[in-house]
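Text of the file run.cif, holding mmCIF, C-alpha atoms and all ligand atoms:
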data_data
loop_
_atom_site.label_atom_id
_atom_site.label_comp_id
_atom_site.auth_asym_id
_atom_site.auth_seq_id
_atom_site.Cartn_x
_atom_site.Cartn_y
_atom_site.Cartn_z
CA MET A 1 -0.87 -13.84 7.19
CA ASP A 2 -1.79 -10.35 5.86
CA ARG A 3 -1.26 -7.46 8.24
CA ALA A 4 -3.47 -4.40 8.59
CA ASN A 5 -3.60 -1.31 10.71
CA ILE A 6 -7.39 -1.40 10.91
CA VAL A 7 -10.10 -3.98 10.16
CA ILE A 8 -13.68 -2.68 10.22
CA VAL A 9 -16.38 -5.33 10.67
CA GLY A 10 -19.57 -4.30 8.83
CA GLY A 11 -20.16 -2.16 5.77
CA GLY A 12 -23.30 -0.24 6.69
CA VAL A 13 -23.36 3.55 6.74
CA VAL A 14 -21.42 3.59 10.02
CA GLY A 15 -18.71 1.19 8.82
CA CYS A 16 -18.38 3.16 5.57
CA ALA A 17 -18.20 6.52 7.40
CA VAL A 18 -15.55 5.04 9.69
CA ALA A 19 -13.63 3.66 6.67
CA ARG A 20 -13.65 7.12 5.09
CA ALA A 21 -12.49 8.83 8.29
CA VAL A 22 -9.72 6.38 9.26
CA SER A 23 -8.35 5.96 5.71
CA ARG A 24 -7.58 9.70 5.62
CA ARG A 25 -5.05 9.10 8.35
CA TRP A 26 -3.90 5.46 8.18
CA SER A 27 -2.94 3.04 5.41
CA ASP A 28 -3.81 -0.68 5.34
CA VAL A 29 -7.48 -0.29 6.22
CA PHE A 30 -9.87 -3.17 5.45
CA LEU A 31 -13.67 -3.18 5.69
CA ILE A 32 -15.38 -6.59 5.72
CA GLU A 33 -19.05 -6.90 4.73
CA GLN A 34 -20.89 -10.20 4.58
CA MET A 35 -23.59 -9.12 2.13
CA PRO A 36 -23.05 -8.82 -1.66
CA LYS A 37 -23.31 -5.02 -1.45
CA LEU A 38 -22.58 -2.37 1.16
CA GLY A 39 -25.43 -0.84 3.18
CA MET A 40 -28.00 -3.61 2.74
CA GLY A 41 -28.87 -3.73 6.49
CA ALA A 42 -30.54 -0.99 8.56
CA SER A 43 -28.62 1.64 6.62
CA THR A 44 -30.99 1.52 3.64
CA ARG A 45 -34.08 0.24 5.47
CA ASN A 46 -34.91 3.41 7.37
CA SER A 47 -36.75 6.72 7.02
CA GLY A 48 -33.73 8.57 5.63
CA VAL A 49 -34.35 11.43 8.06
CA ILE A 50 -31.53 13.75 9.08
CA HIS A 51 -32.64 14.16 12.69
CA SER A 52 -32.15 17.39 14.61
CA GLY A 53 -31.34 15.97 18.07
CA ILE A 54 -34.43 17.12 20.01
CA TYR A 55 -35.34 13.74 21.51
CA TYR A 56 -32.29 12.47 23.41
CA PRO A 57 -31.31 13.24 27.03
CA PRO A 58 -28.89 16.17 27.31
CA GLY A 59 -25.36 14.91 27.84
CA SER A 60 -26.01 11.60 26.07
CA LEU A 61 -23.88 10.46 23.12
CA LYS A 62 -27.04 10.31 20.99
CA ALA A 63 -27.71 14.00 21.68
CA GLU A 64 -24.14 15.14 21.10
CA LEU A 65 -23.48 13.02 18.00
CA CYS A 66 -26.88 13.70 16.42
CA VAL A 67 -26.58 17.49 16.70
CA ALA A 68 -22.99 17.43 15.42
CA GLY A 69 -23.83 14.78 12.81
CA ASN A 70 -26.77 16.82 11.49
CA ARG A 71 -24.47 19.76 10.67
CA SER A 72 -21.73 17.55 9.19
CA MET A 73 -24.31 15.68 7.11
CA TYR A 74 -25.57 18.81 5.35
CA GLU A 75 -21.99 19.92 4.64
CA PHE A 76 -20.96 16.48 3.39
CA CYS A 77 -24.02 16.08 1.15
CA ALA A 78 -23.57 19.54 -0.35
CA THR A 79 -19.84 18.96 -1.00
CA HIS A 80 -20.25 15.50 -2.52
CA ASN A 81 -23.59 15.93 -4.30
CA VAL A 82 -25.49 13.41 -2.19
CA PRO A 83 -29.24 13.97 -2.79
CA HIS A 84 -30.81 15.52 0.31
CA ARG A 85 -33.29 18.21 1.35
CA ASN A 86 -33.38 20.40 4.43
CA CYS A 87 -37.19 20.45 4.57
CA GLY A 88 -37.74 20.84 8.34
CA LYS A 89 -40.44 18.96 10.22
CA LEU A 90 -43.50 19.45 12.37
CA VAL A 91 -44.16 17.54 15.60
CA VAL A 92 -47.87 17.98 16.20
CA ALA A 93 -50.11 18.18 19.29
CA HIS A 94 -53.87 17.65 19.51
CA ASP A 95 -54.74 19.01 22.96
CA ASP A 96 -53.39 21.08 25.87
CA ALA A 97 -51.63 18.14 27.52
CA GLN A 98 -49.81 17.35 24.29
CA GLU A 99 -48.96 21.01 23.87
CA ALA A 100 -47.23 20.94 27.28
CA ALA A 101 -45.33 17.84 26.18
CA LEU A 102 -44.27 19.67 23.02
CA GLU A 103 -42.93 22.57 25.09
CA HIS A 104 -40.96 20.07 27.12
CA LEU A 105 -39.56 18.51 23.93
CA ALA A 106 -38.55 21.95 22.66
CA GLU A 107 -36.73 22.66 25.96
CA ASN A 108 -34.92 19.37 25.65
CA GLY A 109 -33.91 20.20 22.07
CA ARG A 110 -32.61 23.63 23.07
CA ALA A 111 -30.59 22.06 25.90
CA ASN A 112 -29.02 19.81 23.24
CA GLY A 113 -28.10 22.82 21.09
CA VAL A 114 -30.80 22.41 18.42
CA GLU A 115 -31.43 25.80 16.82
CA GLY A 116 -34.52 27.50 15.42
CA LEU A 117 -37.18 25.55 17.34
CA ARG A 118 -40.52 27.34 17.65
CA MET A 119 -44.14 26.59 18.46
CA VAL A 120 -46.64 27.31 15.71
CA ASP A 121 -50.44 27.41 15.80
CA ARG A 122 -53.08 25.56 13.83
CA ALA A 123 -53.19 28.16 11.05
CA ALA A 124 -49.43 27.90 10.50
CA VAL A 125 -49.67 24.10 10.40
CA ARG A 126 -52.51 24.27 7.87
CA ALA A 127 -50.56 26.71 5.71
CA ARG A 128 -47.73 24.19 5.43
CA GLU A 129 -49.74 20.98 5.60
CA PRO A 130 -53.38 21.58 4.58
CA HIS A 131 -54.46 17.99 5.34
CA ILE A 132 -52.82 17.62 8.77
CA GLU A 133 -54.85 17.82 11.97
CA ALA A 134 -53.19 19.67 14.88
CA THR A 135 -53.90 22.33 17.47
CA PHE A 136 -50.23 23.25 17.79
CA ALA A 137 -46.92 22.04 16.41
CA LEU A 138 -43.23 22.29 17.11
CA GLU A 139 -41.38 23.43 14.02
CA VAL A 140 -37.92 21.87 13.70
CA PRO A 141 -36.08 23.60 10.86
CA SER A 142 -32.83 21.58 10.97
CA THR A 143 -34.51 18.25 10.16
CA GLY A 144 -34.15 16.97 6.61
CA ILE A 145 -33.91 13.88 4.46
CA VAL A 146 -31.08 12.19 2.63
CA SER A 147 -30.73 9.38 0.10
CA ALA A 148 -29.18 6.75 2.37
CA GLU A 149 -28.13 4.59 -0.58
CA ASP A 150 -26.23 7.45 -2.23
CA LEU A 151 -24.68 8.37 1.11
CA VAL A 152 -23.33 4.83 1.60
CA LYS A 153 -22.00 4.71 -1.97
CA THR A 154 -20.29 8.10 -1.64
CA LEU A 155 -18.63 7.27 1.69
CA ALA A 156 -17.43 3.96 0.24
CA ARG A 157 -16.08 5.60 -2.91
CA ILE A 158 -14.09 8.18 -0.95
CA ALA A 159 -12.70 5.49 1.38
CA THR A 160 -11.64 3.43 -1.65
CA ASP A 161 -10.05 6.48 -3.33
CA GLN A 162 -8.05 7.01 -0.12
CA GLY A 163 -6.71 3.46 -0.36
CA ALA A 164 -9.08 1.49 1.91
CA ASN A 165 -9.91 -2.08 0.84
CA LEU A 166 -13.67 -2.67 0.99
CA LEU A 167 -14.54 -6.37 0.76
CA PRO A 168 -18.19 -7.38 0.28
CA ARG A 169 -19.25 -11.06 0.31
CA ALA A 170 -16.81 -11.69 3.16
CA ARG A 171 -17.83 -12.60 6.69
CA VAL A 172 -15.84 -12.26 9.89
CA VAL A 173 -16.12 -15.69 11.53
CA ARG A 174 -13.46 -15.56 14.27
CA LEU A 175 -11.52 -12.96 16.25
CA ASP A 176 -8.48 -14.03 18.27
CA PRO A 177 -6.86 -11.37 20.44
CA ARG A 178 -3.06 -11.84 20.46
CA GLY A 179 -1.21 -9.40 22.69
CA ASP A 180 -1.14 -6.17 20.72
CA SER A 181 -3.12 -7.36 17.68
CA VAL A 182 -6.25 -9.31 16.78
CA ALA A 183 -6.28 -12.16 14.23
CA VAL A 184 -9.40 -11.67 12.12
CA THR A 185 -10.58 -14.76 10.25
CA ILE A 186 -12.74 -14.05 7.23
CA ALA A 187 -14.81 -16.51 5.20
CA GLU A 188 -15.14 -15.38 1.61
CA GLU A 189 -18.09 -16.51 -0.45
CA ALA A 190 -17.21 -18.59 -3.53
CA VAL A 191 -17.43 -16.24 -6.53
CA ASN A 192 -20.01 -18.32 -8.43
CA GLY A 193 -22.05 -18.86 -5.25
CA GLY A 194 -21.55 -22.64 -5.51
CA GLY A 195 -19.13 -24.79 -3.49
CA SER A 196 -17.41 -23.61 -0.36
CA GLY A 197 -15.49 -20.34 -0.19
CA THR A 198 -12.05 -19.77 1.28
CA GLU A 199 -10.91 -18.62 4.71
CA GLU A 200 -8.25 -16.01 5.22
CA THR A 201 -6.76 -14.40 8.33
CA ILE A 202 -5.65 -10.78 8.70
CA GLU A 203 -3.63 -9.65 11.70
CA ALA A 204 -5.02 -6.24 12.68
CA ARG A 205 -3.55 -3.68 15.07
CA CYS A 206 -7.06 -2.33 15.58
CA VAL A 207 -10.50 -3.90 15.02
CA ILE A 208 -13.64 -1.74 14.81
CA ASN A 209 -16.98 -3.44 15.40
CA CYS A 210 -19.61 -1.78 13.16
CA ALA A 211 -21.75 -4.91 12.74
CA GLY A 212 -25.14 -3.34 13.54
CA LEU A 213 -27.62 -6.04 14.59
CA TYR A 214 -24.73 -8.51 14.97
CA ALA A 215 -22.45 -6.23 17.01
CA ASP A 216 -23.16 -8.28 20.16
CA GLU A 217 -22.01 -11.44 18.37
CA ILE A 218 -18.81 -9.75 17.16
CA ALA A 219 -18.16 -8.50 20.73
CA ALA A 220 -18.69 -12.08 21.96
CA MET A 221 -16.04 -13.33 19.46
CA LEU A 222 -13.63 -11.07 21.36
CA GLY A 223 -14.71 -12.64 24.66
CA ASN A 224 -17.07 -9.81 25.64
CA HIS A 225 -20.46 -11.33 26.46
CA GLY A 226 -21.81 -8.19 28.15
CA TYR A 227 -24.04 -7.01 25.29
CA ARG A 228 -27.23 -8.29 23.76
CA ILE A 229 -28.96 -6.77 20.75
CA TYR A 230 -32.74 -7.20 20.46
CA PRO A 231 -34.07 -6.74 16.92
CA VAL A 232 -37.06 -4.41 16.75
CA ARG A 233 -38.86 -4.34 13.44
CA GLY A 234 -40.05 -1.11 11.90
CA GLU A 235 -42.57 -1.59 9.10
CA TYR A 236 -43.63 0.96 6.52
CA CYS A 237 -46.58 1.58 4.26
CA GLU A 238 -46.58 4.07 1.41
CA LEU A 239 -49.35 6.36 0.20
CA VAL A 240 -50.49 5.37 -3.28
CA ARG A 241 -49.24 7.83 -5.91
CA GLY A 242 -52.59 9.56 -6.33
CA LYS A 243 -52.66 10.45 -2.60
CA SER A 244 -49.10 11.65 -2.04
CA TYR A 245 -50.37 15.25 -2.31
CA LEU A 246 -51.79 14.76 1.23
CA VAL A 247 -48.37 15.30 2.84
CA ASN A 248 -45.86 18.00 1.83
CA ASN A 249 -42.96 17.27 4.17
CA LEU A 250 -42.29 15.49 7.47
CA VAL A 251 -45.01 15.23 10.14
CA TYR A 252 -44.48 13.47 13.47
CA PRO A 253 -46.68 12.76 16.49
CA LEU A 254 -45.20 13.13 19.98
CA PRO A 255 -42.68 10.36 20.63
CA HIS A 256 -43.48 7.40 22.91
CA THR A 257 -43.00 8.51 26.51
CA ASP A 258 -40.69 5.55 27.20
CA ALA A 259 -38.25 6.57 24.39
CA PHE A 260 -39.04 3.30 22.57
CA SER A 261 -39.75 4.91 19.20
CA LEU A 262 -40.73 8.20 17.60
CA GLY A 263 -44.20 6.90 16.70
CA VAL A 264 -45.65 6.26 13.24
CA HIS A 265 -44.94 9.39 11.21
CA LEU A 266 -45.31 10.73 7.70
CA THR A 267 -42.23 11.25 5.55
CA ARG A 268 -42.22 12.72 2.08
CA THR A 269 -39.17 11.17 0.40
CA LEU A 270 -36.79 12.72 -2.10
CA TRP A 271 -38.69 10.83 -4.80
CA GLY A 272 -42.07 12.35 -3.92
CA THR A 273 -43.50 9.22 -2.31
CA VAL A 274 -44.90 9.39 1.25
CA LEU A 275 -43.91 6.80 3.86
CA VAL A 276 -46.20 5.99 6.78
CA GLY A 277 -44.28 4.34 9.63
CA PRO A 278 -42.17 2.86 11.01
CA THR A 279 -43.92 0.72 13.60
CA ALA A 280 -41.85 -0.79 16.43
CA ASP A 281 -42.21 -4.45 17.49
CA TYR A 282 -39.67 -6.88 18.91
CA VAL A 283 -39.01 -9.92 16.70
CA SER A 284 -36.98 -12.97 17.65
CA GLU A 285 -34.78 -13.33 14.55
CA LYS A 286 -32.24 -10.86 13.22
CA ASN A 287 -33.27 -11.57 9.64
CA ASP A 288 -37.04 -11.55 10.11
CA TYR A 289 -38.12 -8.64 7.92
CA GLU A 290 -41.38 -10.02 6.53
CA ARG A 291 -43.02 -12.70 8.70
CA ASN A 292 -46.48 -11.66 10.05
CA ARG A 293 -46.44 -8.19 8.54
CA LEU A 294 -49.02 -5.81 10.02
CA PRO A 295 -52.09 -5.23 7.87
CA VAL A 296 -52.59 -1.91 6.10
CA GLU A 297 -55.56 -1.16 8.43
CA GLU A 298 -53.14 -0.94 11.36
CA PHE A 299 -51.25 1.91 9.63
CA VAL A 300 -54.51 3.69 8.83
CA GLN A 301 -55.46 3.62 12.51
CA ARG A 302 -52.11 4.97 13.65
CA ALA A 303 -51.86 7.66 10.97
CA ARG A 304 -55.46 8.90 11.26
CA PRO A 305 -54.89 11.23 14.24
CA LEU A 306 -52.38 13.08 12.03
CA LEU A 307 -54.15 12.65 8.71
CA PRO A 308 -57.91 12.23 9.26
CA GLU A 309 -58.67 11.76 5.53
CA ILE A 310 -56.59 8.60 5.22
CA GLU A 311 -58.40 5.43 4.05
CA THR A 312 -57.28 1.83 3.67
CA ALA A 313 -57.30 2.14 -0.13
CA ASP A 314 -54.77 5.00 0.12
CA LEU A 315 -51.99 2.76 1.42
CA GLN A 316 -49.86 -0.10 0.19
CA LEU A 317 -47.33 -2.14 2.18
CA ALA A 318 -43.71 -1.09 1.74
CA TYR A 319 -40.36 -2.31 3.17
CA SER A 320 -39.30 -2.92 6.76
CA GLY A 321 -36.09 -2.53 8.78
CA LEU A 322 -34.69 -3.92 12.02
CA ARG A 323 -33.44 -1.67 14.81
CA ALA A 324 -30.44 -2.83 16.86
CA LYS A 325 -31.94 -2.18 20.33
CA LEU A 326 -30.08 -2.64 23.60
CA VAL A 327 -33.29 -2.38 25.67
CA PRO A 328 -34.89 -5.82 26.28
CA PRO A 329 -38.62 -6.41 25.65
CA GLY A 330 -40.81 -5.20 28.51
CA HIS A 331 -38.19 -2.85 29.98
CA GLY A 332 -38.70 0.44 28.14
CA GLY A 333 -36.36 3.35 28.75
CA PHE A 334 -33.45 4.97 27.02
CA ALA A 335 -30.23 3.25 26.00
CA ASP A 336 -27.37 5.32 24.67
CA PHE A 337 -24.96 4.45 21.85
CA VAL A 338 -21.96 2.47 23.09
CA ILE A 339 -18.76 3.69 21.38
CA ALA A 340 -15.72 2.62 23.37
CA ARG A 341 -12.56 0.55 23.43
CA ASP A 342 -13.22 -2.95 24.74
CA VAL A 343 -12.29 -3.24 28.41
CA ASN A 344 -10.42 -6.53 27.98
CA VAL A 345 -9.23 -6.18 24.38
CA PRO A 346 -8.08 -2.55 24.12
CA GLN A 347 -7.14 -2.96 20.41
CA ALA A 348 -10.88 -3.31 19.69
CA ILE A 349 -13.42 -0.49 19.41
CA GLN A 350 -17.01 -1.50 20.06
CA LEU A 351 -19.96 0.30 18.46
CA ILE A 352 -23.09 -1.25 19.94
CA GLY A 353 -26.76 -0.24 19.89
CA ILE A 354 -26.33 2.12 16.92
CA GLU A 355 -30.04 2.48 16.27
CA SER A 356 -31.68 5.81 15.33
CA PRO A 357 -30.19 8.44 14.99
CA GLY A 358 -27.30 6.36 13.62
CA LEU A 359 -27.77 7.44 10.00
CA THR A 360 -27.74 11.13 10.97
CA SER A 361 -24.80 10.63 13.31
CA CYS A 362 -22.56 8.47 11.10
CA LEU A 363 -20.01 11.23 10.39
CA SER A 364 -19.72 12.36 14.02
CA ILE A 365 -19.58 8.72 15.18
CA ALA A 366 -16.68 8.25 12.74
CA ASP A 367 -14.87 11.30 14.17
CA ARG A 368 -15.15 9.81 17.64
CA VAL A 369 -13.85 6.47 16.40
CA VAL A 370 -10.81 8.22 14.86
CA SER A 371 -9.90 9.60 18.32
CA LEU A 372 -10.16 6.12 19.85
CA ALA A 373 -8.16 4.55 16.99
CA ALA A 374 -5.44 7.20 17.50
CA GLU A 375 -5.01 5.95 21.10
CA ILE A 376 -4.44 2.42 19.74
CA LEU A 377 -2.29 3.20 16.68
CA VAL A 378 0.25 5.44 18.40
C1 LIG B 1 -36.97 1.29 10.69
C2 LIG B 1 -35.78 2.17 10.92
C3 LIG B 1 -35.86 3.55 10.73
C4 LIG B 1 -34.76 4.36 10.98
N1 LIG B 1 -34.83 5.70 10.68
C5 LIG B 1 -33.73 6.48 10.85
C6 LIG B 1 -33.74 7.83 10.46
O1 LIG B 1 -34.70 8.32 9.85
N2 LIG B 1 -32.65 8.60 10.73
C7 LIG B 1 -31.55 8.10 11.37
O2 LIG B 1 -30.62 8.85 11.64
N3 LIG B 1 -31.48 6.78 11.69
C8 LIG B 1 -32.53 5.96 11.43
N4 LIG B 1 -32.47 4.64 11.72
C9 LIG B 1 -31.23 4.10 12.30
C10 LIG B 1 -30.17 3.87 11.23
O3 LIG B 1 -30.70 3.23 10.10
C11 LIG B 1 -29.06 3.02 11.85
O4 LIG B 1 -28.63 3.62 13.05
C12 LIG B 1 -27.85 2.90 10.93
O5 LIG B 1 -28.21 2.49 9.65
C13 LIG B 1 -26.87 1.92 11.54
O6 LIG B 1 -25.85 1.68 10.60
P1 LIG B 1 -24.84 0.51 10.83
O7 LIG B 1 -23.81 0.65 9.78
O8 LIG B 1 -24.41 0.52 12.27
O9 LIG B 1 -25.72 -0.83 10.70
P2 LIG B 1 -26.08 -1.72 9.42
O10 LIG B 1 -26.55 -0.91 8.28
O11 LIG B 1 -27.01 -2.79 9.91
O12 LIG B 1 -24.69 -2.35 9.01
C14 LIG B 1 -24.07 -3.38 9.71
C15 LIG B 1 -23.43 -4.29 8.68
O13 LIG B 1 -22.61 -5.26 9.33
C16 LIG B 1 -22.64 -6.42 8.53
N5 LIG B 1 -22.16 -7.54 9.34
C17 LIG B 1 -22.72 -8.05 10.47
N6 LIG B 1 -22.02 -9.09 10.92
C18 LIG B 1 -20.98 -9.27 10.06
C19 LIG B 1 -19.90 -10.20 9.99
N7 LIG B 1 -19.74 -11.18 10.89
N8 LIG B 1 -19.02 -10.09 8.96
C20 LIG B 1 -19.16 -9.11 8.03
N9 LIG B 1 -20.17 -8.23 8.04
C21 LIG B 1 -21.07 -8.29 9.05
C22 LIG B 1 -24.10 -6.51 8.13
O14 LIG B 1 -24.28 -7.33 7.00
C23 LIG B 1 -24.46 -5.06 7.87
O15 LIG B 1 -24.37 -4.69 6.51
C24 LIG B 1 -33.55 3.79 11.47
C25 LIG B 1 -33.46 2.39 11.64
C26 LIG B 1 -34.55 1.59 11.35
C27 LIG B 1 -34.41 0.10 11.48
#
What would you get if you wrote out this structure as structure tokens?
Amino acid sequence: MDRANIVIVGGGVVGCAVARAVSRRWSDVFLIEQMPKLGMGASTRNSGVIHSGIYYPPGSLKAELCVAGNRSMYEFCATHNVPHRNCGKLVVAHDDAQEAALEHLAENGRANGVEGLRMVDRAAVRAREPHIEATFALEVPSTGIVSAEDLVKTLARIATDQGANLLPRARVVRLDPRGDSVAVTIAEEAVNGGGSGTEETIEARCVINCAGLYADEIAAMLGNHGYRIYPVRGEYCELVRGKSYLVNNLVYPLPHTDAFSLGVHLTRTLWGTVLVGPTADYVSEKNDYERNRLPVEEFVQRARPLLPEIETADLQLAYSGLRAKLVPPGHGGFADFVIARDVNVPQAIQLIGIESPGLTSCLSIADRVVSLAAEILV
């Protein structure tokens, strides 16, 4: 049986950031990813926004790791030439009640340590976004966008250069805690895709669960049945090329009051296209990206308060992603990231419910995981 210091389950942006961070300090690090390539889950099916940290309750992990992750992300991208842009964003209001809610959001952001927030009037909004309807807006200068695909690739390359073994097309199928280690059984896909693959077991001193939507199932393999992930689909449309001039940067409505999602927003990507979305609807399967997609008209209706000129012919359907939510349907409310050693299997670190702002926070999440791993690998 092979031995490892660390086995990471899942090669999304979080698993790759963790692989980079732990392989700086420890040898014999393995990352296991079931898909043919890294980052094919939520990590490349998102808005690519580097969030500022205004939305989350002060004192929460989401607030702390988003604000820290935002700063680390800009530094990392600049150092390693990952395409990104610090374009800022506007959260817009349409009446006095919404303006009061914006003030409240700004207070929350300041309490979280977000810098540079300021309210701007209609004229300032129009100067930046001539086609956007708003009476007031909150300007958030630290928001930006990043190429998630390049970020994943860069993190993976650095981890590999530091000696980590990144194994795509390999699925963790069993985890057996054994005193001070965990036996990790991996099923590898047959190279030609035909016939059955092989199984292999690695004995790991530390296992890190970065399995995204499947993190509850990985926790259950360790005997922890206390978590359940509910997939929530976010669908996008895109403005047709000839209409992308309608949006210059990032424009958001006020978020849902129950913290369920940030609301359908407008995102100008690094490639000059404009995304409209994502929506937020529970689905029953963790691989259900496309069944019963919402019609384009639905996006027109939701975007029109921000962009009154928008017509059905201006939009085409784009991709969708699945959020790894800890909040069950019908409950509403805020759920924080879970990043902790397992109570019964202390050699395991659980990362559960890493939904937005998980992309923004991946580097600060990884720093936190290093501290937990250091307790295990003394
Ligand atoms: C619609 C949408 C919009 C979003 N927008 C933003 C945004 O603008 N900004 C932001 O900061 N965040 C955003 N997020 C959140 C962000 O995308 C996620 O928090 C982040 O990608 C989570 O990364 P991850 O590595 O934990 O998960 P994933 O990318 O899902 O990676 C988990 C990996 O684990 C693998 N895996 C699972 N089980 C096994 C197994 N048994 N064996 C081997 N491998 C396994 C999976 O194949 C997968 O590749 C958004 C999310 C969605 C869905």
Original post:
From the list A:Asn287, A:Thr198, A:Thr267, A:Thr185, which residue is nearest Ile32 in chain A when using all atoms listed in the file?
Top reply: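 Under the stated criterion, the closest residue is A:Thr185.
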Original post:
For Val338 in chain A, which residue out of A:Glu107, A:Glu355, A:Glu139, A:Asp176 is the nearest one, using all atoms listed in the file?
Top reply: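 That would be A:Glu355, the residue with the smallest distance to Val338 in chain A.
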Taking a cut-off of 7 Å and counting all atoms listed in the file, can you build a table that, for each residue of chain A near ligand LIG 1 (chain B), reports the nearest atom pair and how far apart they are in Å (one decimal), sorted by chain then residue number, as a tab-separated table?
residue	atom	partner	partner_atom	distance
A:Val9	CA	B:LIG1	C20	5.4
A:Gly10	CA	B:LIG1	O13	3.2
A:Gly11	CA	B:LIG1	C15	4.9
A:Gly12	CA	B:LIG1	O7	3.3
A:Val13	CA	B:LIG1	O7	4.2
A:Val14	CA	B:LIG1	O7	3.8
A:Gly15	CA	B:LIG1	O7	5.2
A:Ile32	CA	B:LIG1	C20	5.1
A:Glu33	CA	B:LIG1	N9	3.7
A:Gln34	CA	B:LIG1	C20	4.0
A:Met35	CA	B:LIG1	O14	5.2
A:Leu38	CA	B:LIG1	O15	6.1
A:Gly39	CA	B:LIG1	O15	5.2
A:Met40	CA	B:LIG1	O15	5.3
A:Gly41	CA	B:LIG1	O11	4.0
A:Ala42	CA	B:LIG1	O10	4.0
A:Ser43	CA	B:LIG1	O5	3.2
A:Thr44	CA	B:LIG1	O3	6.7
A:Arg45	CA	B:LIG1	C27	6.0
A:Asn46	CA	B:LIG1	C3	3.5
A:Ser47	CA	B:LIG1	O1	3.8
A:Gly48	CA	B:LIG1	O1	4.3
A:Val49	CA	B:LIG1	O1	3.6
A:Ile50	CA	B:LIG1	N2	5.5
A:His51	CA	B:LIG1	O2	5.8
A:Ala170	CA	B:LIG1	C20	6.0
A:Arg171	CA	B:LIG1	N8	3.6
A:Val172	CA	B:LIG1	N8	4.0
A:Val173	CA	B:LIG1	N7	5.8
A:Cys210	CA	B:LIG1	O8	5.4
A:Ala211	CA	B:LIG1	O13	3.5
A:Gly212	CA	B:LIG1	O9	3.8
A:Leu213	CA	B:LIG1	O11	5.7
A:Tyr214	CA	B:LIG1	N6	4.9
A:Ala215	CA	B:LIG1	N6	6.7
A:Ile218	CA	B:LIG1	N7	6.5
A:Arg233	CA	B:LIG1	C1	6.5
A:Gly234	CA	B:LIG1	C1	4.1
A:Glu235	CA	B:LIG1	C1	6.5
A:Pro278	CA	B:LIG1	C1	5.4
A:Ser320	CA	B:LIG1	C1	6.2
A:Gly321	CA	B:LIG1	C27	4.1
A:Leu322	CA	B:LIG1	C27	4.1
A:Arg323	CA	B:LIG1	C27	3.9
A:Ile354	CA	B:LIG1	O4	4.7
A:Glu355	CA	B:LIG1	O4	3.7
A:Ser356	CA	B:LIG1	C9	3.5
A:Pro357	CA	B:LIG1	O2	3.4
A:Gly358	CA	B:LIG1	O4	3.1
A:Leu359	CA	B:LIG1	O2	3.6
A:Thr360	CA	B:LIG1	O2	3.7
A:Ser361	CA	B:LIG1	O2	6.3
Original post:
Between A:Ala183, A:Ala159, A:Leu306, A:Ile132, which has the minimum distance to Arg205 in chain A (counting all atoms listed in the file)?
Top reply: A:Ala183
Original post:
Which protein, DNA or RNA residues have an atom at most 10 Å from (-41.6, 11.8, -3.4), counting all atoms listed in the file? List them as a list in words.
Top reply: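 Those residues, ordered by chain and then number, are Arg241, Ser244, Tyr245, Val247, Asn248, Asn249, Thr267, Arg268, Thr269, Leu270, Trp271, Gly272, Thr273, Val274 and Leu275 of chain A.
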How about saving the chosen residues, C-alpha atoms kept, as a JSON list (two decimals), keeping the file's coordinate frame?
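result_22.json, written as the output of this step:
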[["chain", "number", "residue", "atom", "x", "y", "z"],
["A", 241, "ARG", "CA", -49.24, 7.83, -5.91],
["A", 244, "SER", "CA", -49.10, 11.65, -2.04],
["A", 245, "TYR", "CA", -50.37, 15.25, -2.31],
["A", 247, "VAL", "CA", -48.37, 15.30, 2.84],
["A", 248, "ASN", "CA", -45.86, 18.00, 1.83],
["A", 249, "ASN", "CA", -42.96, 17.27, 4.17],
["A", 267, "THR", "CA", -42.23, 11.25, 5.55],
["A", 268, "ARG", "CA", -42.22, 12.72, 2.08],
["A", 269, "THR", "CA", -39.17, 11.17, 0.40],
["A", 270, "LEU", "CA", -36.79, 12.72, -2.10],
["A", 271, "TRP", "CA", -38.69, 10.83, -4.80],
["A", 272, "GLY", "CA", -42.07, 12.35, -3.92],
["A", 273, "THR", "CA", -43.50, 9.22, -2.31],
["A", 274, "VAL", "CA", -44.90, 9.39, 1.25],
["A", 275, "LEU", "CA", -43.91, 6.80, 3.86]]
Original post:
To one decimal place, how far is CA of Pro130 in chain A from CA of Leu307 in chain A in Å?
Top reply: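 That distance, rounded to one decimal, is 9.9 Å.
What separates CA of Arg122 in chain A from CA of Ala134 in chain A is a distance of 6.0 Å.
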Original post:
Between A:Ile310, A:Ala21, A:Val232, A:Cys77, which is the closest to Leu266 in chain A once you count only C-alpha atoms?
Top reply: A:Ile310
Original post:
Do you know which residues are at most 9 Å from Trp26 in chain A counting only C-alpha atoms, after dropping those on the same chain fewer than 3 positions away, and could you put them as a list in words?
Top reply: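 Counting only C-alpha atoms, the residues come to Asn5, Ile6, Val22, Ser23, Val29 and Leu377 of chain A.
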**OP:** Might you pull out every residue within 8 Å of His265 in chain A, with all atoms listed in the file counted and same-chain residues fewer than 3 positions away left off, and present them as a PyMOL selection string?
**Re:** chain A and resi 250-253+262+275-278+303
Original post:
Which of these, A:Ser52, A:Ser364, A:Gln347, A:Thr257, has the shortest distance to Leu102 in chain A once you count only C-alpha atoms?
Top reply: A:Thr257
**OP:** May I ask for the distance between CA of Thr312 in chain A and CA of Glu238 in chain A, given in Å to one decimal place?
**Re:** 11.2 Å
